[in-house]
Structures are given as structure tokens and as C-alpha cells.
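Below is the file start28.txt, which contains compact mmCIF, C-alpha atoms.
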# COMPACT_ATOMS: atom_id res chain seq x y z
CA MET K 18 8.75 7.32 -11.12
CA ASP K 19 12.46 7.16 -12.03
CA ASP K 20 14.29 4.57 -9.89
CA ALA K 21 16.93 7.19 -9.00
CA LYS K 22 14.24 9.17 -7.18
CA PHE K 23 13.67 6.35 -4.68
CA GLN K 24 15.47 6.68 -1.38
CA ALA K 25 15.36 2.90 -0.93
CA ILE K 26 14.39 -0.15 -2.95
CA ILE K 27 13.66 -3.28 -0.96
CA ASP K 28 12.78 -6.85 -1.75
CA THR K 29 9.58 -8.39 -0.37
CA PRO K 30 8.02 -11.82 -0.83
CA PHE K 31 5.71 -10.38 -3.51
CA THR K 32 7.69 -7.70 -5.35
CA ARG K 33 10.29 -5.01 -4.88
CA LEU K 34 9.18 -1.72 -3.39
CA GLY K 35 10.56 1.70 -4.20
CA ILE K 36 10.27 4.06 -1.22
CA LYS K 37 10.24 7.82 -1.20
CA CYS K 38 10.03 10.23 1.73
CA GLN K 39 9.40 13.96 1.74
CA ALA K 40 10.08 16.28 4.66
CA GLY K 41 10.73 13.30 6.95
CA LYS K 42 7.47 11.53 6.05
CA LEU K 43 6.64 8.59 3.80
CA SER K 44 5.24 9.99 0.55
CA ALA K 45 5.30 7.09 -1.92
CA ILE K 46 5.69 3.36 -2.28
CA ASP K 47 5.82 2.02 -5.82
CA PHE K 48 5.88 -1.55 -7.06
CA VAL K 49 9.05 -1.95 -9.11
CA SER K 50 10.39 -4.83 -11.16
CA ARG K 51 12.25 -7.70 -9.50
CA THR K 52 15.16 -6.75 -11.77
CA THR K 53 15.39 -3.23 -10.29
CA PRO K 54 18.60 -3.03 -8.24
CA LEU K 55 18.13 -2.91 -4.48
CA LYS K 56 19.03 0.37 -2.80
CA ARG K 57 19.90 0.88 0.84
CA PRO K 58 17.95 3.55 2.77
CA GLU K 59 19.44 7.03 2.43
CA SER K 60 18.21 8.62 5.67
CA ASP K 61 16.93 7.80 9.16
CA GLU K 62 13.28 8.25 8.19
CA VAL K 63 13.70 5.87 5.25
CA VAL K 64 15.44 3.37 7.54
CA GLU K 65 12.33 3.52 9.78
CA VAL K 66 10.01 2.91 6.82
CA VAL K 67 12.10 -0.07 5.74
CA CYS K 68 12.19 -1.43 9.32
CA GLN K 69 8.41 -1.21 9.63
CA LEU K 70 7.88 -2.85 6.23
CA GLU K 71 10.24 -5.66 7.29
CA ARG K 72 8.23 -6.09 10.50
CA TYR K 73 5.03 -6.34 8.46
CA PHE K 74 6.59 -8.98 6.21
CA ASP K 75 7.69 -10.87 9.37
CA SER K 76 4.23 -10.61 10.94
CA PRO K 77 1.09 -9.68 8.96
CA LYS K 78 -0.57 -8.24 12.08
CA TRP K 79 2.10 -5.52 12.36
CA GLN K 80 0.45 -2.09 12.58
CA PHE K 81 2.31 0.66 10.78
CA ASP K 82 3.05 3.82 12.72
CA LEU K 83 4.65 6.11 10.20
CA PRO K 84 4.19 9.80 9.46
CA LEU K 85 2.68 10.10 5.99
CA VAL K 86 2.37 12.73 3.29
CA LEU K 87 -0.80 11.71 1.46
CA GLU K 88 -1.36 14.18 -1.33
CA GLY K 89 -4.79 13.83 -2.86
CA THR K 90 -8.26 15.26 -2.90
CA PRO K 91 -10.26 15.42 0.33
CA PHE K 92 -12.33 12.47 -0.92
CA GLN K 93 -9.23 10.40 -1.73
CA ARG K 94 -7.81 11.12 1.72
CA SER K 95 -11.10 10.03 3.32
CA VAL K 96 -10.93 6.71 1.44
CA TRP K 97 -7.27 6.24 2.43
CA HIS K 98 -8.18 6.93 6.06
CA ALA K 99 -10.99 4.35 5.87
CA MET K 100 -8.53 1.79 4.46
CA GLN K 101 -6.22 2.33 7.40
CA GLN K 102 -9.03 1.31 9.76
CA ILE K 103 -9.33 -2.18 8.23
CA PRO K 104 -7.33 -4.68 10.31
CA ALA K 105 -4.96 -7.15 8.67
CA GLY K 106 -6.82 -10.34 7.80
CA GLU K 107 -10.04 -8.48 7.00
CA THR K 108 -11.43 -6.91 3.86
CA ARG K 109 -14.15 -4.45 2.93
CA SER K 110 -15.84 -4.10 -0.41
CA TYR K 111 -15.72 -1.00 -2.56
CA GLY K 112 -19.47 -0.76 -1.89
CA GLN K 113 -19.05 -0.91 1.89
CA ILE K 114 -16.52 1.93 1.86
CA ALA K 115 -18.72 3.86 -0.57
CA ALA K 116 -21.73 3.51 1.76
CA LEU K 117 -19.63 4.65 4.70
CA LEU K 118 -18.51 7.74 2.78
CA LYS K 119 -21.83 8.33 0.97
CA SER K 120 -20.18 7.86 -2.39
CA SER K 121 -20.00 5.26 -5.16
CA PRO K 122 -17.95 2.07 -5.46
CA ARG K 123 -16.32 3.40 -8.66
CA ALA K 124 -15.17 6.56 -6.84
CA VAL K 125 -13.71 4.40 -4.07
CA GLY K 126 -11.92 2.28 -6.68
CA ASN K 127 -10.47 5.40 -8.28
CA ALA K 128 -9.20 6.57 -4.88
CA CYS K 129 -7.67 3.14 -4.28
CA ARG K 130 -5.86 3.37 -7.63
CA ALA K 131 -4.45 6.78 -6.64
CA ASN K 132 -3.16 5.55 -3.24
CA PRO K 133 0.46 6.77 -3.05
CA CYS K 134 1.52 4.38 -0.25
CA PRO K 135 0.20 0.86 -0.90
CA VAL K 136 0.86 -1.78 1.77
CA VAL K 137 1.15 0.91 4.47
CA VAL K 138 -2.20 2.37 3.38
CA PRO K 139 -3.72 -1.05 2.68
CA CYS K 140 -5.71 -0.62 -0.52
CA HIS K 141 -5.28 -4.37 -1.07
CA ARG K 142 -7.91 -4.88 1.67
CA ILE K 143 -10.60 -3.31 -0.53
CA ILE K 144 -12.21 -5.92 -2.77
CA ALA K 145 -15.13 -6.23 -5.17
CA ALA K 146 -18.50 -7.57 -4.03
CA HIS K 147 -17.68 -10.76 -5.98
CA GLY K 148 -13.96 -11.38 -6.33
CA LEU K 149 -10.81 -9.39 -5.77
CA GLY K 150 -11.55 -6.42 -8.02
CA GLY K 151 -8.50 -4.61 -9.32
CA PHE K 152 -5.21 -3.49 -7.87
CA ALA K 153 -3.03 -0.53 -8.82
CA GLY K 154 -5.10 0.02 -11.94
CA GLN K 155 -4.95 -3.60 -13.15
CA ARG K 156 -7.66 -6.26 -13.16
CA ASP K 157 -5.24 -9.14 -13.80
CA GLY K 158 -1.53 -9.79 -14.16
CA ASP K 159 1.35 -9.12 -11.79
CA LYS K 160 -0.28 -6.45 -9.66
CA LEU K 161 -3.42 -8.49 -9.01
CA ALA K 162 -1.12 -11.38 -8.03
CA ILE K 163 0.49 -9.03 -5.48
CA LYS K 164 -2.96 -8.18 -4.06
CA ARG K 165 -3.87 -11.87 -3.85
CA GLY K 166 -0.50 -12.60 -2.22
CA LEU K 167 -0.91 -9.84 0.39
CA LEU K 168 -4.45 -10.94 1.28
CA THR K 169 -3.39 -14.59 1.50
CA TYR K 170 -0.39 -13.62 3.66
CA GLU K 171 -2.69 -11.68 6.01
CA GLY K 172 -5.15 -14.59 6.19
CA ALA K 173 -8.00 -12.81 4.42
CA LEU K 174 -8.19 -15.37 1.58
Would you mind writing the structure in this file as C-alpha cells?
Amino acid sequence: MDDAKFQAIIDTPFTRLGIKCQAGKLSAIDFVSRTTPLKRPESDEVVEVVCQLERYFDSPKWQFDLPLVLEGTPFQRSVWHAMQQIPAGETRSYGQIAALLKSSPRAVGNACRANPCPVVVPCHRIIAAHGLGGFAGQRDGDKLAIKRGLLTYEGAL
């Protein structure tokens, strides 16, 4: 996503986040480079998203209450809904979510990768049976470090 399309870019302890809203609802959060210039929120709904993200980064038990536009398949939306039921400080495995939804761990992983609103829809709380698994389509590197950081921050690791 082009940085100009973000309605805000904020700094967090783990990375910078690009935020996009559509029709007054959060529609995307992207991990952007630490060198990406910060951008102040452009509208009241974006201010609210930023405020709630700041509250989360002040207290990992913060529960988001934001209107969302989650565009995806019915299966993806069911996985994203299941993620939102996992409290901060807890994790579930891809297999556990798959069993809940009568699916496969790989399908759950693919839905996690397609999550348009990470952090708010906490795909970082889904882990492999043995280890962290991947994050945002990566099995190592910067994005996996973000997942590890979020889980450590929440007290799950």
C-alpha cells in the first residue's frame, strides 16, 4: 500500500503502523518501515483508532472497540472473529482454531496472513503447535520479531 493512502502513520514500540479507514471504519493496518514519516490522523475516526492503539500500547489488556471493515471470504472472517475472542496474554494454535472451525491449520494460517487489521484483530495470538509459526507471511525476520514482541508485551511468552 502506498504510504500516501494511509490516513495516519504512528510509531509503536515494535514498528510503525499505517492506518486506513473506509466509511468511518478501520479497514487496514499495515506494518511500515521505521523510516516512514509519521502522519497525524486525518479524521475523527482515525483519531479514535490511534487513541485505542495508544491505549493498547500503554496497557496490553486494553480491549479494542472499533468499527471494522473486514473484507475477506466467509472463512477468513470466521477465523478473524475467532482471533478476536482470544484474550491478551493467551494464545491458540492454528490447529485449535482449525478444530473449532472444522478446517485445517494451513487454512487458518492463510486467513491469518490475509488479516487486514493486525494488532486490533490479533493474529499474533495464533501460534504453531511447536513454536511461534509465521507472521504476516514471514517465518523469520522483522515481522516475526514483531509477533514475538507483541506476545512478550502481552505476557504470553
- Message: Please report the interatomic distance between atom CA of K:Tyr111 and atom CA of K:Cys129 in Å with one decimal.
- Response: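 Computed distance, atom CA of K:Tyr111 to atom CA of K:Cys129, equals 9.2 Å.
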- Message: Here is a test: counting all atoms listed in the file, which residue of K:Arg123, K:Val63, K:Arg33, K:Glu171 is nearest to K:Trp79?
- Response: K:Glu171
- Message: Using Å and a single decimal, report how far atom CA of K:Gln69 sits from atom CA of K:Lys56.
- Response: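 A separation of 16.4 Å between them.
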Within 10 Å of K:Ala153, counting all atoms listed in the file, which residues qualify if same-chain residues fewer than 6 places away don't, as a JSON list (two decimals) with C-alpha atoms, keeping the file's coordinate frame?
[["chain", "number", "residue", "atom", "x", "y", "z"],
["K", 47, "ASP", "CA", 5.82, 2.02, -5.82],
["K", 48, "PHE", "CA", 5.88, -1.55, -7.06],
["K", 126, "GLY", "CA", -11.92, 2.28, -6.68],
["K", 127, "ASN", "CA", -10.47, 5.40, -8.28],
["K", 129, "CYS", "CA", -7.67, 3.14, -4.28],
["K", 130, "ARG", "CA", -5.86, 3.37, -7.63],
["K", 131, "ALA", "CA", -4.45, 6.78, -6.64],
["K", 132, "ASN", "CA", -3.16, 5.55, -3.24],
["K", 133, "PRO", "CA", 0.46, 6.77, -3.05],
["K", 135, "PRO", "CA", 0.20, 0.86, -0.90],
["K", 140, "CYS", "CA", -5.71, -0.62, -0.52],
["K", 141, "HIS", "CA", -5.28, -4.37, -1.07],
["K", 160, "LYS", "CA", -0.28, -6.45, -9.66],
["K", 161, "LEU", "CA", -3.42, -8.49, -9.01],
["K", 163, "ILE", "CA", 0.49, -9.03, -5.48],
["K", 164, "LYS", "CA", -2.96, -8.18, -4.06]]
- Note on the structure: From the list K:Lys119, K:Arg109, K:Arg94, K:Arg142, the nearest residue to K:Gly166 using all atoms listed in the file is K:Arg142
- Query: Counting all atoms listed in the file, what is within 12 Å of K:Thr52, bar same-chain residues fewer than 4 positions away, as a list of chain:residue names?
  - Reply: K:Asp20, K:Ile26, K:Ile27, K:Asp28, K:Thr32, K:Arg33, K:Leu34, K:Phe48
- Find the spatial neighbours of K:Pro84, counting all atoms listed in the file, within a cut-off of 8 Å - ignore same-chain residues fewer than 6 positions away - and output them as a PyMOL selection string. chain K and resi 41-43
- Determine, counting only C-alpha atoms, every residue of protein, DNA or RNA that lies within 12 Å of (14.6, 9.4, 6.2) in the file coordinates, then give the result as a list in words.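 It turns out the residues near that spot are Phe23, Gln24, Ala25, Ile36, Lys37, Cys38, Gln39, Ala40, Gly41, Lys42, Leu43, Ser44, Arg57, Pro58, Glu59, Ser60, Asp61, Glu62, Val63, Val64, Glu65, Val66, Val67, Cys68, Leu83, Pro84 and Leu85 of chain K.
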Keeping only C-alpha atoms, write the selected residues as a PDB file, in the frame of the given file.
ATOM      1  CA  PHE K  23      13.670   6.350  -4.680  1.00  0.00           C
ATOM      2  CA  GLN K  24      15.470   6.680  -1.380  1.00  0.00           C
ATOM      3  CA  ALA K  25      15.360   2.900  -0.930  1.00  0.00           C
ATOM      4  CA  ILE K  36      10.270   4.060  -1.220  1.00  0.00           C
ATOM      5  CA  LYS K  37      10.240   7.820  -1.200  1.00  0.00           C
ATOM      6  CA  CYS K  38      10.030  10.230   1.730  1.00  0.00           C
ATOM      7  CA  GLN K  39       9.400  13.960   1.740  1.00  0.00           C
ATOM      8  CA  ALA K  40      10.080  16.280   4.660  1.00  0.00           C
ATOM      9  CA  GLY K  41      10.730  13.300   6.950  1.00  0.00           C
ATOM     10  CA  LYS K  42       7.470  11.530   6.050  1.00  0.00           C
ATOM     11  CA  LEU K  43       6.640   8.590   3.800  1.00  0.00           C
ATOM     12  CA  SER K  44       5.240   9.990   0.550  1.00  0.00           C
ATOM     13  CA  ARG K  57      19.900   0.880   0.840  1.00  0.00           C
ATOM     14  CA  PRO K  58      17.950   3.550   2.770  1.00  0.00           C
ATOM     15  CA  GLU K  59      19.440   7.030   2.430  1.00  0.00           C
ATOM     16  CA  SER K  60      18.210   8.620   5.670  1.00  0.00           C
ATOM     17  CA  ASP K  61      16.930   7.800   9.160  1.00  0.00           C
ATOM     18  CA  GLU K  62      13.280   8.250   8.190  1.00  0.00           C
ATOM     19  CA  VAL K  63      13.700   5.870   5.250  1.00  0.00           C
ATOM     20  CA  VAL K  64      15.440   3.370   7.540  1.00  0.00           C
ATOM     21  CA  GLU K  65      12.330   3.520   9.780  1.00  0.00           C
ATOM     22  CA  VAL K  66      10.010   2.910   6.820  1.00  0.00           C
ATOM     23  CA  VAL K  67      12.100  -0.070   5.740  1.00  0.00           C
ATOM     24  CA  CYS K  68      12.190  -1.430   9.320  1.00  0.00           C
ATOM     25  CA  LEU K  83       4.650   6.110  10.200  1.00  0.00           C
ATOM     26  CA  PRO K  84       4.190   9.800   9.460  1.00  0.00           C
ATOM     27  CA  LEU K  85       2.680  10.100   5.990  1.00  0.00           C
TER      28      LEU K  85
END
- Option closest in space to K:Phe92, from K:Ala145, K:Ala124, K:Ile46, K:Leu167 [counting all atoms listed in the file]: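 Looking at the shortest contact to K:Phe92, the residue is K:Ala124.
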- Measure the distance from atom CA of K:Val96 to atom CA of K:Ile144 in Å and round it to one decimal. 13.4 Å
- Counting only C-alpha atoms, figure out which residue out of K:Gln80, K:Thr90, K:Ser121, K:Thr169 gets nearest to K:Pro104.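 That would be K:Gln80, the residue with the smallest distance to K:Pro104.
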- Task: Just the residues within 10 Å of K:His98, please, counting all atoms listed in the file, with nothing from its chain fewer than 4 positions along; format it as an MDAnalysis selection string.
- Result: chainID K and resid 87 92:94 102:103 138:139
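Shortest atom-to-atom contact with K:Val137 among K:Trp97, K:Phe152, K:Tyr170, K:Phe81: K:Phe81, counting only C-alpha atoms.
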- Query: Between K:Ala173, K:Ile114, K:Cys134, K:Ile143, which one has atoms that come closest to K:Gly35, using all atoms listed in the file?
  - Reply: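 Selected residue with least distance to K:Gly35: K:Cys134.
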